[in-house]
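> Input file: data-v6.txt. Contents: compact mmCIF, C-alpha atoms (C1' of nucleotides).
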# COMPACT_ATOMS: atom_id res chain seq x y z
CA MET A 1 6.50 24.48 22.43
CA GLU A 2 8.23 25.58 19.23
CA ASN A 3 9.38 22.32 17.67
CA ASP A 4 6.70 20.32 19.37
CA SER A 5 4.53 20.23 16.28
CA LYS A 6 7.32 18.63 14.27
CA GLU A 7 7.68 15.81 16.76
CA LYS A 8 3.94 15.32 17.03
CA LEU A 9 3.61 15.13 13.26
CA LEU A 10 6.36 12.53 13.05
CA GLN A 11 4.80 10.29 15.67
CA THR A 12 1.32 10.63 14.15
CA ALA A 13 2.77 9.90 10.72
CA ILE A 14 4.27 6.62 11.94
CA GLU A 15 0.88 5.56 13.27
CA LEU A 16 -1.28 6.64 10.35
CA PHE A 17 1.06 5.61 7.54
CA ALA A 18 1.42 2.23 9.23
CA ASP A 19 -2.30 1.69 9.70
CA ASP A 20 -3.64 3.12 6.45
CA GLY A 21 -0.67 3.29 4.09
CA PHE A 22 0.81 6.32 2.39
CA ASP A 23 -1.90 6.97 -0.16
CA LYS A 24 -4.90 6.49 2.06
CA THR A 25 -3.53 8.93 4.60
CA SER A 26 -4.21 12.56 3.72
CA ILE A 27 -2.25 15.46 5.11
CA ARG A 28 -5.53 16.79 6.49
CA GLN A 29 -6.15 13.63 8.55
CA LEU A 30 -2.56 13.64 9.66
CA ALA A 31 -2.72 17.24 10.80
CA ALA A 32 -6.06 16.76 12.53
CA LYS A 33 -4.84 13.75 14.52
CA ALA A 34 -1.64 15.54 15.46
CA ASN A 35 -3.54 18.70 16.35
CA VAL A 36 -1.43 20.90 14.16
CA ASN A 37 -2.06 22.88 11.03
CA SER A 38 -1.70 20.90 7.81
CA ALA A 39 0.52 23.56 6.26
CA LEU A 40 3.17 22.68 8.82
CA ILE A 41 3.83 19.40 7.07
CA SER A 42 5.30 21.25 4.13
CA TYR A 43 7.01 23.67 6.46
CA HIS A 44 8.77 21.03 8.55
CA PHE A 45 9.24 18.18 6.11
CA GLY A 46 8.98 19.78 2.68
CA SER A 47 6.13 17.58 1.57
CA LYS A 48 3.95 14.63 2.53
CA GLN A 49 6.57 12.39 0.94
CA GLY A 50 9.23 13.98 3.10
CA LEU A 51 7.24 13.25 6.23
CA TYR A 52 6.77 9.65 5.16
CA GLN A 53 10.48 9.27 4.57
CA ALA A 54 11.25 10.66 8.02
CA ALA A 55 8.75 8.25 9.57
CA VAL A 56 10.17 5.15 7.87
CA GLU A 57 13.74 6.15 8.60
CA LYS A 58 12.96 6.66 12.25
CA GLN A 59 11.49 3.17 12.51
CA LEU A 60 14.32 1.56 10.56
CA GLN A 61 16.87 3.19 12.80
CA ILE A 62 16.10 0.59 15.45
CA LEU A 63 17.56 -2.13 13.26
CA VAL A 64 20.87 -0.33 13.24
CA ASP A 65 21.19 -1.14 16.92
CA PHE A 66 21.56 -4.81 16.05
CA THR A 67 24.50 -4.20 13.75
CA GLN A 68 26.26 -2.19 16.40
CA LYS A 69 25.64 -4.59 19.27
CA ALA A 70 26.58 -7.58 17.17
CA GLN A 71 29.86 -6.02 16.11
CA ASN A 72 30.89 -4.90 19.58
CA GLY A 73 31.90 -7.46 22.15
CA GLU A 74 32.70 -11.12 21.98
CA ASN A 75 29.82 -13.08 20.54
CA SER A 76 29.78 -16.78 19.84
CA PRO A 77 27.92 -17.97 16.72
CA ILE A 78 24.97 -18.94 18.87
CA ASP A 79 25.08 -15.59 20.67
CA ILE A 80 24.66 -13.86 17.31
CA LEU A 81 21.65 -15.96 16.37
CA GLU A 82 20.09 -15.27 19.75
CA LEU A 83 20.90 -11.58 19.50
CA TYR A 84 19.12 -11.32 16.17
CA ALA A 85 16.01 -12.98 17.59
CA ALA A 86 16.13 -10.78 20.69
CA THR A 87 16.51 -7.65 18.57
CA MET A 88 13.51 -8.50 16.43
CA LEU A 89 11.48 -9.31 19.52
CA LYS A 90 12.47 -5.98 21.03
CA ILE A 91 11.58 -4.10 17.87
CA HIS A 92 8.15 -5.63 17.59
CA THR A 93 7.42 -5.36 21.29
CA GLU A 94 8.38 -1.72 21.62
CA ASN A 95 7.24 -0.58 18.19
CA PRO A 96 3.80 -1.86 17.25
CA TYR A 97 3.93 0.14 14.01
CA PHE A 98 7.12 -1.43 12.71
CA ILE A 99 5.40 -4.39 11.08
CA LYS A 100 2.99 -2.52 8.89
CA LEU A 101 5.17 0.46 8.08
CA CYS A 102 8.42 -1.33 7.34
CA TYR A 103 7.18 -4.67 6.00
CA ARG A 104 5.16 -2.75 3.43
CA GLU A 105 8.45 -1.25 2.31
CA PHE A 106 10.08 -4.67 2.25
CA ILE A 107 7.52 -5.90 -0.25
CA ALA A 108 7.67 -2.90 -2.54
CA PRO A 109 10.87 -1.08 -1.64
CA SER A 110 11.00 2.65 -2.32
CA ALA A 111 14.18 4.68 -2.62
CA ILE A 112 14.28 4.97 1.17
CA LEU A 113 14.56 1.26 1.75
CA GLU A 114 16.82 0.86 -1.24
CA ALA A 115 19.39 3.01 0.52
CA PHE A 116 18.81 1.29 3.84
CA ALA A 117 19.30 -2.11 2.27
CA GLN A 118 22.69 -1.06 0.92
CA ASN A 119 23.87 0.69 4.05
CA HIS A 120 22.54 -1.49 6.84
CA LEU A 121 20.49 -4.54 5.97
CA LYS A 122 23.39 -5.88 3.98
CA TYR A 123 25.43 -6.07 7.19
CA VAL A 124 22.68 -7.79 9.14
CA PHE A 125 22.85 -10.63 6.62
CA GLU A 126 26.63 -10.56 6.63
CA ILE A 127 26.86 -10.76 10.41
CA ILE A 128 24.62 -13.80 10.52
CA ALA A 129 26.48 -15.41 7.62
CA LYS A 130 29.80 -14.86 9.35
CA ALA A 131 28.46 -16.40 12.57
CA LEU A 132 27.33 -19.49 10.66
CA HIS A 133 30.67 -19.83 8.88
CA ARG A 134 32.48 -19.59 12.19
CA GLY A 135 30.15 -22.20 13.68
CA ILE A 136 31.05 -24.56 10.86
CA GLU A 137 34.77 -23.99 11.34
CA GLU A 138 34.47 -24.57 15.05
CA GLY A 139 32.72 -27.85 14.40
CA LEU A 140 29.45 -26.72 15.93
CA PHE A 141 27.46 -26.85 12.71
CA ARG A 142 27.26 -29.28 9.82
CA GLN A 143 30.08 -29.02 7.29
CA ASP A 144 27.67 -29.22 4.37
CA LEU A 145 25.47 -26.36 5.60
CA ASP A 146 24.50 -23.96 2.80
CA VAL A 147 25.18 -20.71 4.62
CA ASP A 148 23.33 -18.48 2.15
CA ALA A 149 20.21 -20.55 2.56
CA ALA A 150 20.60 -20.77 6.31
CA VAL A 151 20.83 -16.99 6.74
CA ILE A 152 17.52 -16.46 4.97
CA LEU A 153 16.13 -19.37 6.91
CA TRP A 154 17.03 -17.94 10.29
CA ALA A 155 15.76 -14.47 9.36
CA GLY A 156 12.57 -16.09 8.08
CA MET A 157 11.99 -18.23 11.14
CA VAL A 158 12.29 -15.18 13.35
CA ASN A 159 10.43 -12.68 11.18
CA PHE A 160 7.52 -14.71 9.91
CA PHE A 161 6.01 -14.96 13.35
CA PHE A 162 5.59 -11.18 13.41
CA PHE A 163 4.79 -10.86 9.73
CA SER A 164 1.96 -13.36 9.98
CA ARG A 165 0.47 -11.90 13.14
CA PRO A 166 -2.14 -9.67 11.44
CA ILE A 167 -3.50 -12.51 9.39
CA ARG A 168 -3.30 -15.11 12.16
CA SER A 169 -5.30 -12.85 14.44
CA ARG A 170 -8.09 -13.01 11.85
CA ILE A 171 -8.35 -16.77 11.96
CA LYS A 172 -11.06 -17.80 14.36
CA ASP A 173 -10.05 -20.10 17.22
CA GLU A 174 -6.40 -19.46 16.46
CA LYS A 175 -4.63 -19.46 19.79
CA SER A 176 -2.34 -16.54 20.37
CA LEU A 177 1.11 -17.88 20.91
CA PRO A 178 3.54 -15.77 22.99
CA ALA A 179 6.49 -14.55 20.98
CA THR A 180 8.99 -15.82 23.53
CA THR A 181 7.60 -19.35 23.43
CA TYR A 182 7.82 -19.30 19.67
CA LEU A 183 11.34 -17.93 19.56
CA THR A 184 12.70 -20.36 22.15
CA GLN A 185 11.26 -23.32 20.28
CA THR A 186 12.52 -21.87 17.03
CA LEU A 187 16.10 -21.48 18.15
CA ASP A 188 16.02 -25.00 19.52
CA ILE A 189 14.75 -26.49 16.26
CA PHE A 190 17.12 -24.46 14.12
CA LEU A 191 20.14 -25.39 16.20
CA SER A 192 19.32 -29.09 16.22
CA GLY A 193 18.73 -28.83 12.51
CA ILE A 194 22.10 -27.32 11.67
CA LYS A 195 24.35 -28.90 14.28
CA ARG A 196 27.05 -31.31 13.29
CA ARG A 197 25.79 -34.80 12.70
CA ASP A 198 27.52 -37.74 14.25
CA MET B 1 -14.63 -10.92 -28.53
CA GLU B 2 -17.47 -9.93 -26.22
CA ASN B 3 -16.16 -10.80 -22.77
CA ASP B 4 -12.61 -10.41 -23.82
CA SER B 5 -12.32 -6.96 -22.27
CA LYS B 6 -13.36 -8.30 -18.88
CA GLU B 7 -10.61 -10.91 -18.93
CA LYS B 8 -8.03 -8.44 -20.17
CA LEU B 9 -8.94 -6.00 -17.40
CA LEU B 10 -8.60 -8.70 -14.77
CA GLN B 11 -5.16 -9.78 -15.92
CA THR B 12 -3.94 -6.21 -16.23
CA ALA B 13 -5.34 -5.44 -12.79
CA ILE B 14 -3.32 -8.26 -11.25
CA GLU B 15 -0.16 -6.86 -12.78
CA LEU B 16 -0.70 -3.19 -12.04
CA PHE B 17 -2.19 -3.56 -8.57
CA ALA B 18 0.71 -5.85 -7.68
CA ASP B 19 3.39 -3.53 -9.00
CA ASP B 20 2.02 -0.15 -7.94
CA GLY B 21 -0.58 -0.90 -5.28
CA PHE B 22 -4.27 -0.09 -5.29
CA ASP B 23 -4.07 3.65 -4.78
CA LYS B 24 -1.23 4.40 -7.16
CA THR B 25 -3.02 2.60 -9.97
CA SER B 26 -5.66 4.71 -11.71
CA ILE B 27 -8.50 3.28 -13.74
CA ARG B 28 -7.17 5.29 -16.69
CA GLN B 29 -3.77 3.57 -16.54
CA LEU B 30 -5.48 0.26 -16.09
CA ALA B 31 -7.74 0.79 -19.08
CA ALA B 32 -4.90 2.08 -21.24
CA LYS B 33 -2.68 -0.92 -20.53
CA ALA B 34 -5.55 -3.31 -21.11
CA ASN B 35 -6.57 -1.48 -24.28
CA VAL B 36 -10.16 -1.07 -23.21
CA ASN B 37 -12.30 1.89 -22.28
CA SER B 38 -12.08 2.92 -18.66
CA ALA B 39 -15.84 3.02 -18.26
CA LEU B 40 -15.84 -0.74 -18.72
CA ILE B 41 -14.31 -1.20 -15.29
CA SER B 42 -17.50 0.03 -13.68
CA TYR B 43 -19.54 -1.89 -16.19
CA HIS B 44 -17.87 -5.26 -15.59
CA PHE B 45 -16.78 -5.01 -11.96
CA GLY B 46 -18.97 -2.27 -10.48
CA SER B 47 -16.02 -0.14 -9.41
CA LYS B 48 -12.26 0.01 -9.17
CA GLN B 49 -12.58 -1.65 -5.76
CA GLY B 50 -14.61 -4.45 -7.33
CA LEU B 51 -11.88 -5.05 -9.90
CA TYR B 52 -9.26 -5.16 -7.16
CA GLN B 53 -11.29 -7.69 -5.23
CA ALA B 54 -11.63 -9.89 -8.29
CA ALA B 55 -7.88 -9.68 -8.89
CA VAL B 56 -6.92 -10.67 -5.35
CA GLU B 57 -9.46 -13.46 -5.23
CA LYS B 58 -8.19 -14.90 -8.48
CA GLN B 59 -4.64 -15.01 -7.13
CA LEU B 60 -5.68 -16.47 -3.79
CA GLN B 61 -7.63 -19.19 -5.52
CA ILE B 62 -4.35 -20.96 -6.22
CA LEU B 63 -3.85 -21.59 -2.52
CA VAL B 64 -7.09 -23.52 -2.43
CA ASP B 65 -5.43 -26.18 -4.56
CA PHE B 66 -3.18 -27.04 -1.65
CA THR B 67 -6.06 -27.73 0.70
CA GLN B 68 -7.67 -29.99 -1.84
CA LYS B 69 -4.57 -31.93 -2.79
CA ALA B 70 -3.56 -32.33 0.84
CA GLN B 71 -6.93 -33.70 1.82
CA ASN B 72 -7.19 -36.17 -1.02
CA GLY B 73 -4.97 -39.22 -1.08
CA GLU B 74 -2.74 -40.81 1.47
CA ASN B 75 -0.12 -38.39 2.69
CA SER B 76 2.47 -39.07 5.35
CA PRO B 77 3.37 -36.20 7.71
CA ILE B 78 6.50 -35.53 5.70
CA ASP B 79 4.51 -35.66 2.45
CA ILE B 80 2.32 -32.85 3.77
CA LEU B 81 5.28 -30.69 4.67
CA GLU B 82 6.78 -31.28 1.25
CA LEU B 83 3.46 -30.64 -0.46
CA TYR B 84 3.17 -27.26 1.23
CA ALA B 85 6.65 -26.26 0.11
CA ALA B 86 5.98 -27.51 -3.41
CA THR B 87 2.69 -25.62 -3.56
CA MET B 88 4.28 -22.36 -2.51
CA LEU B 89 7.10 -22.89 -4.99
CA LYS B 90 4.56 -23.52 -7.72
CA ILE B 91 2.57 -20.43 -6.81
CA HIS B 92 5.58 -18.15 -6.87
CA THR B 93 7.04 -19.70 -10.00
CA GLU B 94 3.88 -19.53 -12.05
CA ASN B 95 2.52 -16.31 -10.59
CA PRO B 96 5.11 -13.57 -10.30
CA TYR B 97 2.44 -11.16 -9.07
CA PHE B 98 1.37 -13.24 -6.09
CA ILE B 99 4.03 -11.88 -3.73
CA LYS B 100 3.26 -8.21 -4.05
CA LEU B 101 -0.49 -8.47 -4.48
CA CYS B 102 -1.25 -11.01 -1.77
CA TYR B 103 1.50 -10.30 0.75
CA ARG B 104 0.35 -6.70 0.83
CA GLU B 105 -3.04 -8.06 1.89
CA PHE B 106 -1.40 -10.25 4.51
CA ILE B 107 0.12 -7.22 6.18
CA ALA B 108 -3.01 -5.08 6.15
CA PRO B 109 -5.87 -7.48 5.52
CA SER B 110 -8.97 -6.05 3.87
CA ALA B 111 -12.39 -7.65 3.99
CA ILE B 112 -11.39 -9.86 1.06
CA LEU B 113 -8.57 -11.54 2.93
CA GLU B 114 -10.55 -11.60 6.14
CA ALA B 115 -13.04 -13.91 4.44
CA PHE B 116 -10.30 -15.95 2.82
CA ALA B 117 -8.55 -16.43 6.14
CA GLN B 118 -11.72 -17.87 7.67
CA ASN B 119 -12.64 -20.06 4.74
CA HIS B 120 -9.32 -21.37 3.50
CA LEU B 121 -6.16 -20.25 5.24
CA LYS B 122 -7.46 -21.68 8.47
CA TYR B 123 -7.40 -25.13 6.92
CA VAL B 124 -3.90 -24.73 5.55
CA PHE B 125 -2.70 -24.24 9.12
CA GLU B 126 -4.89 -27.08 10.35
CA ILE B 127 -3.59 -29.51 7.78
CA ILE B 128 0.01 -28.82 8.70
CA ALA B 129 -0.81 -29.00 12.42
CA LYS B 130 -2.52 -32.35 11.94
CA ALA B 131 0.47 -33.70 10.02
CA LEU B 132 2.79 -32.66 12.84
CA HIS B 133 0.56 -34.23 15.49
CA ARG B 134 0.48 -37.46 13.52
CA GLY B 135 4.26 -37.37 13.16
CA ILE B 136 4.57 -37.11 16.92
CA GLU B 137 2.20 -40.03 17.49
CA GLU B 138 4.06 -42.16 15.00
CA GLY B 139 7.30 -41.44 16.81
CA LEU B 140 8.81 -39.53 13.90
CA PHE B 141 8.95 -36.19 15.69
CA ARG B 142 9.90 -35.08 19.17
CA GLN B 143 7.27 -35.63 21.85
CA ASP B 144 7.81 -32.15 23.30
CA LEU B 145 7.30 -30.37 19.97
CA ASP B 146 5.10 -27.28 20.30
CA VAL B 147 2.88 -27.88 17.29
CA ASP B 148 1.41 -24.37 17.16
CA ALA B 149 4.87 -22.88 17.02
CA ALA B 150 6.09 -25.45 14.51
CA VAL B 151 3.27 -24.73 12.08
CA ILE B 152 4.15 -21.04 11.93
CA LEU B 153 7.77 -22.02 11.76
CA TRP B 154 7.33 -24.23 8.73
CA ALA B 155 5.13 -21.69 6.95
CA GLY B 156 7.72 -19.04 7.75
CA MET B 157 10.69 -21.05 6.56
CA VAL B 158 8.98 -21.65 3.25
CA ASN B 159 7.42 -18.22 2.76
CA PHE B 160 10.16 -15.91 3.90
CA PHE B 161 12.36 -16.86 1.00
CA PHE B 162 9.79 -15.44 -1.40
CA PHE B 163 8.76 -12.59 0.86
CA SER B 164 12.33 -11.36 1.18
CA ARG B 165 13.13 -11.62 -2.51
CA PRO B 166 12.36 -8.00 -3.44
CA ILE B 167 14.59 -6.64 -0.72
CA ARG B 168 17.35 -9.21 -1.18
CA SER B 169 17.56 -8.35 -4.86
CA ARG B 170 18.38 -4.78 -3.79
CA ILE B 171 21.40 -5.79 -1.76
CA LYS B 172 24.52 -5.47 -3.83
CA ASP B 173 26.64 -8.60 -4.26
CA GLU B 174 23.86 -10.71 -2.82
CA LYS B 175 23.97 -14.00 -4.70
CA SER B 176 20.67 -15.17 -6.06
CA LEU B 177 19.89 -18.49 -4.50
CA PRO B 178 17.64 -20.89 -6.45
CA ALA B 179 14.36 -21.57 -4.69
CA THR B 180 14.76 -25.34 -4.98
CA THR B 181 18.18 -25.29 -3.31
CA TYR B 182 16.74 -23.23 -0.49
CA LEU B 183 13.68 -25.41 -0.03
CA THR B 184 15.62 -28.68 -0.06
CA GLN B 185 18.02 -27.40 2.57
CA THR B 186 15.12 -25.99 4.54
CA LEU B 187 13.19 -29.24 4.69
CA ASP B 188 16.35 -31.01 5.72
CA ILE B 189 17.07 -28.62 8.57
CA PHE B 190 13.47 -28.53 9.75
CA LEU B 191 13.18 -32.31 9.78
CA SER B 192 16.44 -32.82 11.66
CA GLY B 193 15.31 -30.11 14.03
CA ILE B 194 12.00 -31.70 14.91
CA LYS B 195 12.79 -35.40 14.65
CA ARG B 196 12.72 -37.60 17.73
CA ARG B 197 15.86 -37.36 19.79
CA ASP B 198 17.58 -40.46 20.95
C1' DG C 1 -20.88 -3.88 -24.84
C1' DT C 2 -18.53 0.14 -25.89
C1' DC C 3 -17.72 4.90 -26.26
C1' DT C 4 -17.40 10.31 -25.12
C1' DA C 5 -18.09 13.84 -22.15
C1' DT C 6 -18.60 15.49 -17.82
C1' DA C 7 -20.12 15.90 -12.91
C1' DT C 8 -18.10 15.84 -8.50
C1' DT C 9 -14.96 15.19 -5.04
C1' DG C 10 -10.78 15.30 -2.64
C1' DC C 11 -6.08 15.79 -2.86
C1' DG C 12 -1.15 18.27 -2.03
C1' DA C 13 0.91 22.48 -1.99
C1' DT C 14 1.53 27.39 -1.22
C1' DA C 15 0.90 32.57 -0.96
C1' DG C 16 0.51 35.77 2.28
C1' DA C 17 -1.24 37.64 6.85
C1' DC C 18 0.03 37.44 11.60
C1' DG D 1 6.24 29.07 13.61
C1' DT D 2 1.52 29.11 12.75
C1' DC D 3 -2.69 30.13 10.44
C1' DT D 4 -6.51 30.85 6.56
C1' DA D 5 -7.83 30.66 2.08
C1' DT D 6 -7.39 28.97 -2.23
C1' DC D 7 -5.29 27.31 -6.59
C1' DG D 8 -4.69 23.67 -9.72
C1' DC D 9 -4.89 19.05 -10.57
C1' DA D 10 -6.16 14.24 -11.00
C1' DA D 11 -9.06 10.98 -9.36
C1' DT D 12 -13.59 7.84 -9.74
C1' DA D 13 -17.91 7.31 -11.35
C1' DT D 14 -21.78 7.88 -14.47
C1' DA D 15 -25.25 9.73 -17.88
C1' DG D 16 -26.42 9.12 -22.28
C1' DA D 17 -25.33 8.38 -27.36
C1' DC D 18 -24.30 4.54 -30.39
Go ahead and express the file in the form of structure tokens.

Amino acid sequence: MENDSKEKLLQTAIELFADDGFDKTSIRQLAAKANVNSALISYHFGSKQGLYQAAVEKQLQILVDFTQKAQNGENSPIDILELYAATMLKIHTENPYFIKLCYREFIAPSAILEAFAQNHLKYVFEIIAKALHRGIEEGLFRQDLDVDAAVILWAGMVNFFFFSRPIRSRIKDEKSLPATTYLTQTLDIFLSGIKRRD
Amino acid sequence: MENDSKEKLLQTAIELFADDGFDKTSIRQLAAKANVNSALISYHFGSKQGLYQAAVEKQLQILVDFTQKAQNGENSPIDILELYAATMLKIHTENPYFIKLCYREFIAPSAILEAFAQNHLKYVFEIIAKALHRGIEEGLFRQDLDVDAAVILWAGMVNFFFFSRPIRSRIKDEKSLPATTYLTQTLDIFLSGIKRRD
DNA sequence: GTCTATATTGCGATAGAC
DNA sequence: GTCTATCGCAATATAGAC
């Protein structure tokens, strides 16, 4: 029971900070929802800011998995593209709070994300870039492909579906499209778009 | 000079709310930067919230231009796709505060964006969907194209470049790619990806 | 329309008992 | 580790003079 309150605070923080943002979430709300005393936030995490940092870092940790999987094992260029899409799908499926919590940080990065960008995100981009370069060498992709643009493009194609979900759900009569349908179609279009032309 | 303070407050609000967010911006800061008395915020806009609403609505207004331009005049399917990209480029070039202010709303939509989604954004999606359908009928695009997916895809390809700018600028050694280069390449890849296959 | 002064609320943090 | 009680601060909003 001893460290239970710490874990409960962390999980509640992910939910509340994601839904309401850092400033609109008070330590009193947080403590009430987690069923612990509000003074324990300072005790366990130093401050409200410290708790927020722990929450964001815990969510971002999932992205590290991609880097590790992508670097281990033999992966063809297309494998890497598929792996990135599958990782993002997994993240958003298993972690409903990732979008709000982390995308907020993407728009206005704090020191937390600054560090993460340097230490991890950088390699996500690099891995995809390397896969595209290899695809060009192997004659799979167009010789004139602008790799820098294509990396952002692929990340965008995959991410925007999740990013735009909150707003799309607000549009009346908007059909809800399954993520897998979208991603399959997306990979297909991207690959036909970048493949070598005859 | 009479209504000058109102206009100055609005412009300052766009800048500060975009940079620091609603909660981290105080009416005192706002008033100081705009060189007006803080009580004038309540006088002109009712409340801090009212000023925020006015700021977001002013920025979103630019998107309405797209709907109007796209609906007037003869536009081929490809014209529409290009027009959307050009509109977004124009928005982000002329309005450096659009990303932070409006994308924040996209992630956690308030009542303001809720209304905007129903009244305007809906039609942006519809216009692109209609263009894609027409392209299929005319034999330009693949018969098996999933239009719902492709609409999100095109919006994502165009938007993610701007959305990811803040975080990309934090990655060391990341080259800054001109928006026009990206968008040209993007249209090219998207069109080859969705065109009819022989 | 603009200003000063202030009422009121809610926040994060912590001292100190258990 | 957990709790109560409270301090000190900064926020928005507004009443009322000019």
> What is the distance between CA of Leu9 in chain B and CA of Ala34 in chain B, in Å to one decimal?
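Computing the Euclidean distance for CA of Leu9 in chain B and CA of Ala34 in chain B yields 5.7 Å.
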> Given only C-alpha atoms (C1' of nucleotides), how would the per-residue table for chain D near chain B read, listing every residue at most 10 Å away with its closest atom pair and distance in Å to one decimal, sorted by chain and number, as CSV?

residue,atom,partner,partner_atom,distance
D:DA10,C1',B:Ser26,CA,9.6
D:DA11,C1',B:Ser26,CA,7.5
D:DT12,C1',B:Ile27,CA,7.9
D:DA13,C1',B:Ser42,CA,7.7
D:DT14,C1',B:Ala39,CA,8.6
> Could you write those residues out with C-alpha atoms (C1' of nucleotides), as a short mmCIF file (atom, residue, chain, number, x, y, z; two decimals), in the coordinates of the input?

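Produced file result-v5.cif, reproduced below:
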data_model
loop_
_atom_site.label_atom_id
_atom_site.label_comp_id
_atom_site.auth_asym_id
_atom_site.auth_seq_id
_atom_site.Cartn_x
_atom_site.Cartn_y
_atom_site.Cartn_z
"C1'" DA D 10 -6.16 14.24 -11.00
"C1'" DA D 11 -9.06 10.98 -9.36
"C1'" DT D 12 -13.59 7.84 -9.74
"C1'" DA D 13 -17.91 7.31 -11.35
"C1'" DT D 14 -21.78 7.88 -14.47
#
> I need the residue nearest chain B from this list: A:Gln68, A:Gln59, A:Thr25, A:Ser76. Use only C-alpha atoms for the distance.
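When distances to chain B are compared using only C-alpha atoms, the smallest one comes from A:Thr25.
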> Provide as a count of residues only the residues of chain C at most 8 Å from chain A, counting all atoms listed in the file.
3
> Dump as a PyMOL selection string the residues of chain A that approach chain B to within 6 Å, counting all atoms listed in the file.
chain A and resi 106+117-118+149+153+156-157+160+167+171+182+189-190+192-193
> Can you measure CA of Lys130 in chain B to CA of Ala111 in chain B for me? One decimal in Å is fine.
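Pair CA of Lys130 in chain B / CA of Ala111 in chain B returns 27.8 Å.
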> In Å, how far is it from CA of Gly73 in chain B to CA of Val124 in chain B?
16.0 Å
> Of the candidates A:Gln29, A:Asn35, A:Gln143, A:Asn75, which one gets nearest to Phe17 in chain A if we count all atoms listed in the file?
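Using all atoms listed in the file, the shortest distance to Phe17 in chain A belongs to A:Gln29.
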> Using all atoms listed in the file, which protein or nucleic acid residues come within 9 Å of Leu132 in chain A? Drop anything in the same chain fewer than 5 positions from it, and give the result as a ChimeraX atom specification.
/A:77-78,81,127,137,141,145,147,150-151
